[in-house]
Amino acid sequence: MADTHQGDTRRDFLYVATTAVGAVGAACVAWPFIDQMNPAADVLALASIEFDTSTVTEGMAVTVKWRGKPVFVRHRTPEEIEEARAVPLSDLRDPQTDGARALKPEQLIVVGVCTHLGCVPLGQKPSDPRGDYGGWFCPCHGSHYDTSGRIRKGPAPLNLAVPEYEYISDSVVRIG
Amino acid sequence: MAAKFENPIVRWIDHRLPIFSFMHHEMHEYPTPKNLNYWWNFGSLAGIALVIMLVSGITLAMHYTPHVDHAFNSVERIMRDVNYGWLIRYIHMNGASFFFIVVYIHIFRGMYYGSYKAPRELLWMLGVVIMLLMMATAFMGYVLPWGQMSFWGATVITNLFSAIPLVGESIVTWLWGGFAVDNATLNRFFSLHFLLPFVIVGVVVLHLVALHRFGSNNPLGIDVKGPKDQIPFHPYYTVKDAYGLGVFLIAFAAVVFFAPNFFGEPDNYIPADPLVTPAHIVPEWYFLPFYAVLRSIPDKLGGVLAMFGAIAVLFVLPWLDRSPVRSGQFRPIFKIFFWILLIDVVALTYFGGKPAEGWYVTGSRFATAYYFIHFLVILPLLSVFETPRQLPKSISEPVTGGGAGFAGATAAPREKV
C-alpha cells in the first residue's frame with residue numbers, strides 16, 4: 001500500500017508540473033498580444049521634435065505639438081520673470097523655483113496639459129484669460145497657473161510639467 | 001445536473017444561474033464513446049483554431065486601416081513597426097490555412113465513419129454551413145491586405161455572380177458598391193470579415209447542441225448500448241484533446257516561425273493595381289478544389305453552378321448514402337471509393353493550382369466528373385448493392401471478446417470466433 005501513496009505523490013507532481021508549464025506557455029503567448037498595444041516603432045520614432053525659439057518674440061506664446069500633446073513655448077517679459085522669481089516657495093502647492101523650470105529664463109517651455117484631468121489651459125492667445133496669477137487658466141475645473149506654469153489655485157495637484165529638452169544651437173531646442 | 005460544488009460562492013451562483021452545472025454536465029461528466037480514435041481530435045482542434053483566428057484577428061483590426069490608400073501600408077506597418085505585429089499577422093495568415101486543414105480532416109473523418117447519418121443529419125448540415133461561412137470569411141480576409149492577389153481575387157470571385165442570368169450585372173455592381181472593386185468594396189469586406197466569425201461562433205454553438213443531443217459517433221459507427229460503452233469526457237478526452245493540441249501547435253508554430261509565407265503568394269506583397277492583372281491568378285490553396293471545378297466547365301453559368309453544386313451536394317449527403325451501416329470499417333466497397341474520392345479531391349486541388357491549359361484542363365474535367373459521380377451515383381448504388389460486414393454487438397464487444405460488459409463479466413455465454 002506504500003506504493004499507492006508513492007503513486008499519488010507522483011501524480012500530484014505531474015499535475016503541478018503540467019499546470020506550471022501550461023501557465024508559463026500561456027503567459028508567453030499572452031505577452032505579444034499585450035505588447036502590441038504599446039507604442040509602435042513609428043510612434044516612438046516621432047517622440048522628439050526640434051523647434052526654433054527665435055520665431056517667438058518677447059511677450060509672444062506659441063503652441064507646438066509633441067507626442068500628440070500641446071507644448072507651450074512662451075517668451076516671457078522681464079516683469080513676468082521677476083514675478084515668478086519673487087514668489088516664496090512656501091506659497092506653492094508644488095514647490096519649485098523658477099530657475100529649475102527654465103533653461104533660459106526668458107523662454108519658458110512647459111507641457112500644456114492641466115495636471116488635474118488633462119484639459120489644455122487657456123492663456124496662449126492675447127485674448128485668453130490667464131487666471132489670477134498671469135500664467136494660464138484651465139477652463140475645465142478652474143486651475144490657475146502662474147507665469148512659471150506653477151499651480152497656485154484650483155484642483156490641480158502639480159505644476160505644468162517641464163518636458164525633457166536641450167538647446168542644440170543658440171535658438172533651436174530639441175524637445176524629448 | 002447533480003453536480004455538487006464545494007466552493008460556497010460557486011454554489012450560490014449556480015443555484016441562481018446554473019452555468020457551473022451546465023459546464024460540468026457538458027464538458028466534464030458528458031458521456032462519450034470509449035473507443036474514439038485520434039481522428040476525433042479535429043473537432044476540438046477546429047474550435048481552438050477559431051479562437052486563435054478571433055484573438056489574432058481582433059488584434060490586427062486594432063492596427064489595420066480599411067482604405068484603398070492606406071490598407072497595404074497599414075499591413076506593412078503591422079509587419080515592421082507594431083510590437084510583435086509580424087507574429088500576430090503570421091499567426092492569422094497561417095491560422096486560416098491550419099483552420100482549413102483541420103476542418104477538411106474533420107469533414108473526411110465524418111464521411112469515412114458515416115457521422116452524417118441519422119440521427120446526426122442536422123449536425124452534419126450545420127457543419128457544412130460553418131464551412132461555407134469560413135470560405136466567405138477567408139475570401140474577404142484575403143482581400144484586406146490590398147495586394148495584387150487580394151484585388152484580383154476579389155474581382156474574379158465577385159464576378160462569379162455576373163453569371164446569374166438577367167440580374168447578374170446589377171448584383172455585382174451592388175456587391176462592389178461601384179463599377180469595379182474599390183474603396184467601398186474594401187470597407188464592406190472589412191466589416192463583414194469582422195462580423196462573420198461571430199456568426200460562425202453562433203453556428204458552432206448549434207453544432208455542439210446538435211452533437212450533444214445524441215453524443216459523438218465512434219469508429220465502429222454503432223450506437224452506444226449504455227454506460228459501459230462510455231467514459232466521462234473529463235479527464236479522458238480532455239487529456240487526449242490536449243495531447244493532440246500540443247502536436248497541432250508544434251506544426252503550427254513550425255510554419256509560423258520558419259515558413260510563414262509557405263501558403264502565401266508573393267504577388268500579394270505588390271500593392272493592388274486596378275490596371276494590371278498578374279500573369280497567373282490562383283486563390284488560396286483551400287479553395288483550389290472548388291476553383292478547379294469552376295474552371296473545368298466550359299460555360300460561365302455552368303461553371304459557377306458546378307462550383308456551388310460541389311458544396312451543395314454535401315448538404316444532401318445523408319440522403320444520398322442510404323446504407324444503414326455508418327462506419328466505413330464495415331463497408332468493404334465503400335472504403336475503396338472513399339479513398340478514391342480523397343485522391344480525387346487532392347487531384348482537384350492540384351489542377352486548381354495549375355494554369356487552365358492543355359492536359360490540366362482534361363485532368364480537372366475527369367476529376368470534377370468523378371466528384372459528382374461519387375456522390376450522385378456511387379453512394380446511392382452502394383447503399384443497395386454492397387454487403388456490409390458483420391457489426392459488433394456493442395462497443396465493448398471487440399475489446400472484451402464477450403458481450404457488452406467489462407471483461408465479459410456480465411456477458412451472456414457466447415462462442416468466440
# chains A, B, ... in the order shown; residues from 1 in each chain; ligands from 1
$ closest_atom_pairs --of "chain B" --to "chain A" --cutoff "12 Å" --atoms "only C-alpha atoms" --output "Markdown table"
| residue | atom | partner | partner_atom | distance |
| --- | --- | --- | --- | --- |
| B:Ile52 | CA | A:Val29 | CA | 11.0 |
| B:Val55 | CA | A:Phe33 | CA | 8.6 |
| B:Ser56 | CA | A:Phe33 | CA | 8.0 |
| B:Gly57 | CA | A:Phe33 | CA | 11.0 |
| B:Ile58 | CA | A:Phe33 | CA | 10.2 |
| B:Thr59 | CA | A:Phe33 | CA | 7.2 |
| B:Leu60 | CA | A:Gln36 | CA | 9.3 |
| B:Ala61 | CA | A:Met37 | CA | 11.6 |
| B:Met62 | CA | A:Met37 | CA | 8.3 |
| B:His63 | CA | A:Met37 | CA | 9.1 |
| B:Ser74 | CA | A:Asp42 | CA | 11.6 |
| B:Glu76 | CA | A:Asp42 | CA | 11.7 |
| B:Arg77 | CA | A:Asp42 | CA | 8.3 |
| B:Ile78 | CA | A:Ala40 | CA | 8.8 |
| B:Met79 | CA | A:Ala40 | CA | 10.7 |
| B:Arg80 | CA | A:Ala41 | CA | 7.9 |
| B:Asp81 | CA | A:Ala41 | CA | 4.5 |
| B:Val82 | CA | A:Ala40 | CA | 4.5 |
| B:Asn83 | CA | A:Gln36 | CA | 4.6 |
| B:Tyr84 | CA | A:Pro32 | CA | 5.5 |
| B:Gly85 | CA | A:Gln36 | CA | 6.6 |
| B:Trp86 | CA | A:Pro32 | CA | 10.1 |
| B:Leu87 | CA | A:Pro32 | CA | 8.0 |
| B:Ile88 | CA | A:Phe33 | CA | 7.7 |
| B:Arg89 | CA | A:Phe33 | CA | 11.2 |
| B:Ile91 | CA | A:Val29 | CA | 11.3 |
| B:Val239 | CA | A:Thr18 | CA | 11.4 |
| B:Ala242 | CA | A:Gly22 | CA | 10.8 |
| B:Tyr243 | CA | A:Thr18 | CA | 11.8 |
| B:Gly246 | CA | A:Gly22 | CA | 10.7 |
| B:Leu249 | CA | A:Gly25 | CA | 11.6 |
| B:Ala253 | CA | A:Val29 | CA | 11.5 |
$ write_last_selection --atoms "C-alpha atoms" --output "mmCIF file, in the first residue's frame"
data_model
loop_
_atom_site.group_PDB
_atom_site.id
_atom_site.type_symbol
_atom_site.label_atom_id
_atom_site.label_comp_id
_atom_site.auth_asym_id
_atom_site.auth_seq_id
_atom_site.Cartn_x
_atom_site.Cartn_y
_atom_site.Cartn_z
ATOM 1 C CA ILE B 52 -6.880 31.657 -32.447
ATOM 2 C CA VAL B 55 -7.965 36.671 -30.967
ATOM 3 C CA SER B 56 -5.324 37.402 -33.620
ATOM 4 C CA GLY B 57 -7.907 38.984 -35.940
ATOM 5 C CA ILE B 58 -9.342 41.370 -33.352
ATOM 6 C CA THR B 59 -5.754 42.330 -32.507
ATOM 7 C CA LEU B 60 -4.912 43.039 -36.153
ATOM 8 C CA ALA B 61 -8.063 45.143 -36.503
ATOM 9 C CA MET B 62 -6.592 47.497 -33.871
ATOM 10 C CA HIS B 63 -3.864 48.431 -36.365
ATOM 11 C CA SER B 74 -1.075 49.653 -42.644
ATOM 12 C CA GLU B 76 3.299 46.698 -43.739
ATOM 13 C CA ARG B 77 3.303 48.877 -40.626
ATOM 14 C CA ILE B 78 1.938 45.932 -38.665
ATOM 15 C CA MET B 79 4.806 43.828 -40.026
ATOM 16 C CA ARG B 80 7.545 46.369 -39.276
ATOM 17 C CA ASP B 81 6.514 48.781 -36.528
ATOM 18 C CA VAL B 82 3.810 47.295 -34.316
ATOM 19 C CA ASN B 83 5.256 45.324 -31.402
ATOM 20 C CA TYR B 84 5.054 41.621 -32.357
ATOM 21 C CA GLY B 85 2.838 42.652 -35.285
ATOM 22 C CA TRP B 86 4.761 40.299 -37.590
ATOM 23 C CA LEU B 87 3.986 37.411 -35.241
ATOM 24 C CA ILE B 88 0.313 38.234 -34.883
ATOM 25 C CA ARG B 89 -0.171 38.662 -38.621
ATOM 26 C CA ILE B 91 -0.465 33.639 -36.812
ATOM 27 C CA VAL B 239 -6.279 14.850 -21.959
ATOM 28 C CA ALA B 242 -4.784 18.385 -25.101
ATOM 29 C CA TYR B 243 -2.180 15.964 -26.438
ATOM 30 C CA GLY B 246 0.220 20.004 -28.481
ATOM 31 C CA LEU B 249 0.685 23.659 -32.090
ATOM 32 C CA ALA B 253 4.481 27.138 -34.729
#
$ residues_around --residues "segment 71-75 of chain A" --least-positions-apart "4" --cutoff "8 Å" --atoms "only C-alpha atoms" --output "list in words"
Thr53, Val56, Thr57, Glu58, Gly59, Met60, Ala61, Val62, Thr63, Val64, Lys65, Trp66, Glu106, Gln107, Leu108, Ile109, Val110, Val111, Gly112 and Gln124 of chain A
$ select_by_dssp --residues "segment 179-218 of chain B" --states "helix (DSSP H, G or I)" --output "VMD selection string"
chain B and resid 183 to 214
$ closest_residue --among "B:Ile171, B:Met125, B:Leu166, B:Leu45" --to "Phe315 of chain B" --atoms "only C-alpha atoms"
B:Met125
$ atom_distance --atom1 "atom CA of Phe252 of chain B" --atom2 "atom CA of Gly95 of chain B"
7.7 Å
$ residues_around --residues "segment 99-104 of chain A" --least-positions-apart "4" --cutoff "10 Å" --atoms "only C-alpha atoms" --output "PyMOL selection string"
chain A and resi 75+81+84-85+108-110+148-150+159-163+165-167
$ residues_around --residues "segment 323-330 of chain B" --least-positions-apart "3" --cutoff "6 Å" --atoms "only C-alpha atoms" --output "PyMOL selection string"
chain B and resi 112-114+220-221+335+383+388-389
$ select_by_dssp --residues "segment 140-365 of chain B" --states "strand (DSSP E or B)" --output "list in words"
Gly147, Gln230, Ile231, Pro232 and Pro271 of chain B
$ residues_around --residues "Phe5 of chain B" --least-positions-apart "3" --cutoff "9 Å" --atoms "only C-alpha atoms" --output "list in words"
Pro8, Val10, Arg11, Asp14, Phe20 and Ser21 of chain B
$ residues_around --residues "segment 271-274 of chain B" --least-positions-apart "5" --cutoff "6 Å" --atoms "only C-alpha atoms" --output "PyMOL selection string"
chain B and resi 146-148+151
$ residues_around --residues "Thr137 of chain B" --least-positions-apart "4" --cutoff "7 Å" --atoms "only C-alpha atoms" --output "list in words"
Leu133, Gly141, His193 and Leu196 of chain B
$ write_last_selection --atoms "N, CA, C and O atoms" --output "PDB file, in the first residue's frame"
ATOM      1  N   LEU B 133     -19.464  29.482 -44.352  1.00  0.00           N
ATOM      2  CA  LEU B 133     -19.162  30.760 -43.700  1.00  0.00           C
ATOM      3  C   LEU B 133     -17.659  30.980 -43.599  1.00  0.00           C
ATOM      4  O   LEU B 133     -17.164  32.092 -43.788  1.00  0.00           O
ATOM      5  N   GLY B 141     -11.220  38.125 -45.971  1.00  0.00           N
ATOM      6  CA  GLY B 141     -10.000  38.456 -45.241  1.00  0.00           C
ATOM      7  C   GLY B 141      -8.809  38.580 -46.170  1.00  0.00           C
ATOM      8  O   GLY B 141      -7.944  39.442 -45.983  1.00  0.00           O
ATOM      9  N   HIS B 193     -15.912  40.782 -42.757  1.00  0.00           N
ATOM     10  CA  HIS B 193     -14.861  39.887 -42.268  1.00  0.00           C
ATOM     11  C   HIS B 193     -14.788  39.922 -40.747  1.00  0.00           C
ATOM     12  O   HIS B 193     -14.433  38.944 -40.105  1.00  0.00           O
ATOM     13  N   LEU B 196     -18.562  38.006 -39.649  1.00  0.00           N
ATOM     14  CA  LEU B 196     -18.860  36.592 -39.916  1.00  0.00           C
ATOM     15  C   LEU B 196     -18.263  35.608 -38.907  1.00  0.00           C
ATOM     16  O   LEU B 196     -18.910  34.613 -38.584  1.00  0.00           O
TER      17      LEU B 196
END
$ decode --residues "segment 23-97 of chain A" --atoms "C-alpha atoms" --output "PDB file, in the first residue's frame"
ATOM      1  CA  ALA A  23       0.891  28.671 -17.254  1.00  0.00           C
ATOM      2  CA  VAL A  24       4.339  29.722 -18.482  1.00  0.00           C
ATOM      3  CA  GLY A  25       3.309  28.891 -22.058  1.00  0.00           C
ATOM      4  CA  ALA A  26       0.085  30.877 -21.734  1.00  0.00           C
ATOM      5  CA  ALA A  27       1.994  33.868 -20.352  1.00  0.00           C
ATOM      6  CA  CYS A  28       4.482  33.709 -23.248  1.00  0.00           C
ATOM      7  CA  VAL A  29       1.622  33.669 -25.745  1.00  0.00           C
ATOM      8  CA  ALA A  30      -0.235  36.445 -23.930  1.00  0.00           C
ATOM      9  CA  TRP A  31       2.692  38.877 -23.915  1.00  0.00           C
ATOM     10  CA  PRO A  32       2.815  39.667 -27.679  1.00  0.00           C
ATOM     11  CA  PHE A  33      -0.934  40.326 -27.596  1.00  0.00           C
ATOM     12  CA  ILE A  34      -0.498  42.752 -24.696  1.00  0.00           C
ATOM     13  CA  ASP A  35       2.663  44.400 -26.001  1.00  0.00           C
ATOM     14  CA  GLN A  36       1.129  45.108 -29.416  1.00  0.00           C
ATOM     15  CA  MET A  37      -0.953  47.838 -27.761  1.00  0.00           C
ATOM     16  CA  ASN A  38       2.181  49.668 -26.576  1.00  0.00           C
ATOM     17  CA  PRO A  39       3.573  52.485 -28.784  1.00  0.00           C
ATOM     18  CA  ALA A  40       4.819  51.072 -32.087  1.00  0.00           C
ATOM     19  CA  ALA A  41       8.253  51.737 -33.549  1.00  0.00           C
ATOM     20  CA  ASP A  42       6.983  54.511 -35.849  1.00  0.00           C
ATOM     21  CA  VAL A  43       5.288  56.238 -32.926  1.00  0.00           C
ATOM     22  CA  LEU A  44       8.476  56.086 -30.847  1.00  0.00           C
ATOM     23  CA  ALA A  45      10.448  57.430 -33.818  1.00  0.00           C
ATOM     24  CA  LEU A  46       8.413  60.652 -33.629  1.00  0.00           C
ATOM     25  CA  ALA A  47       8.971  61.038 -29.899  1.00  0.00           C
ATOM     26  CA  SER A  48      11.271  64.099 -30.199  1.00  0.00           C
ATOM     27  CA  ILE A  49      10.855  67.334 -32.169  1.00  0.00           C
ATOM     28  CA  GLU A  50      13.025  70.359 -32.905  1.00  0.00           C
ATOM     29  CA  PHE A  51      11.764  73.925 -32.624  1.00  0.00           C
ATOM     30  CA  ASP A  52      13.371  77.282 -33.421  1.00  0.00           C
ATOM     31  CA  THR A  53      12.635  79.593 -30.471  1.00  0.00           C
ATOM     32  CA  SER A  54      13.838  82.691 -32.346  1.00  0.00           C
ATOM     33  CA  THR A  55      10.418  82.745 -34.036  1.00  0.00           C
ATOM     34  CA  VAL A  56       8.869  83.579 -30.666  1.00  0.00           C
ATOM     35  CA  THR A  57       9.418  87.228 -29.790  1.00  0.00           C
ATOM     36  CA  GLU A  58       9.032  88.833 -26.392  1.00  0.00           C
ATOM     37  CA  GLY A  59       5.511  88.641 -24.961  1.00  0.00           C
ATOM     38  CA  MET A  60       4.517  86.071 -27.569  1.00  0.00           C
ATOM     39  CA  ALA A  61       3.449  82.462 -26.983  1.00  0.00           C
ATOM     40  CA  VAL A  62       3.448  79.550 -29.409  1.00  0.00           C
ATOM     41  CA  THR A  63       1.935  76.092 -29.046  1.00  0.00           C
ATOM     42  CA  VAL A  64       3.743  73.173 -30.699  1.00  0.00           C
ATOM     43  CA  LYS A  65       2.620  69.534 -30.871  1.00  0.00           C
ATOM     44  CA  TRP A  66       4.862  66.979 -29.224  1.00  0.00           C
ATOM     45  CA  ARG A  67       3.867  63.298 -28.726  1.00  0.00           C
ATOM     46  CA  GLY A  68       0.310  64.259 -29.597  1.00  0.00           C
ATOM     47  CA  LYS A  69       0.157  66.871 -26.840  1.00  0.00           C
ATOM     48  CA  PRO A  70       0.498  70.702 -26.849  1.00  0.00           C
ATOM     49  CA  VAL A  71       3.755  72.217 -25.603  1.00  0.00           C
ATOM     50  CA  PHE A  72       3.618  75.879 -24.586  1.00  0.00           C
ATOM     51  CA  VAL A  73       6.629  77.992 -25.544  1.00  0.00           C
ATOM     52  CA  ARG A  74       6.316  81.468 -24.002  1.00  0.00           C
ATOM     53  CA  HIS A  75       8.823  84.267 -24.401  1.00  0.00           C
ATOM     54  CA  ARG A  76       8.363  85.949 -21.036  1.00  0.00           C
ATOM     55  CA  THR A  77       8.733  89.657 -20.367  1.00  0.00           C
ATOM     56  CA  PRO A  78      11.202  90.743 -17.634  1.00  0.00           C
ATOM     57  CA  GLU A  79       8.221  91.609 -15.411  1.00  0.00           C
ATOM     58  CA  GLU A  80       6.817  88.119 -15.758  1.00  0.00           C
ATOM     59  CA  ILE A  81      10.180  86.558 -14.902  1.00  0.00           C
ATOM     60  CA  GLU A  82      10.517  88.870 -11.903  1.00  0.00           C
ATOM     61  CA  GLU A  83       7.025  87.999 -10.739  1.00  0.00           C
ATOM     62  CA  ALA A  84       7.788  84.290 -10.958  1.00  0.00           C
ATOM     63  CA  ARG A  85      11.057  84.627  -9.065  1.00  0.00           C
ATOM     64  CA  ALA A  86       9.537  86.768  -6.301  1.00  0.00           C
ATOM     65  CA  VAL A  87       7.114  84.072  -5.116  1.00  0.00           C
ATOM     66  CA  PRO A  88       8.255  82.473  -1.833  1.00  0.00           C
ATOM     67  CA  LEU A  89       8.394  78.671  -2.097  1.00  0.00           C
ATOM     68  CA  SER A  90       6.154  78.357   0.968  1.00  0.00           C
ATOM     69  CA  ASP A  91       3.281  79.820  -1.083  1.00  0.00           C
ATOM     70  CA  LEU A  92       3.463  76.986  -3.592  1.00  0.00           C
ATOM     71  CA  ARG A  93       1.483  73.751  -3.592  1.00  0.00           C
ATOM     72  CA  ASP A  94       4.193  72.027  -5.628  1.00  0.00           C
ATOM     73  CA  PRO A  95       7.341  73.930  -4.550  1.00  0.00           C
ATOM     74  CA  GLN A  96       9.793  74.543  -7.364  1.00  0.00           C
ATOM     75  CA  THR A  97      11.980  77.580  -8.117  1.00  0.00           C
TER      76      THR A  97
END
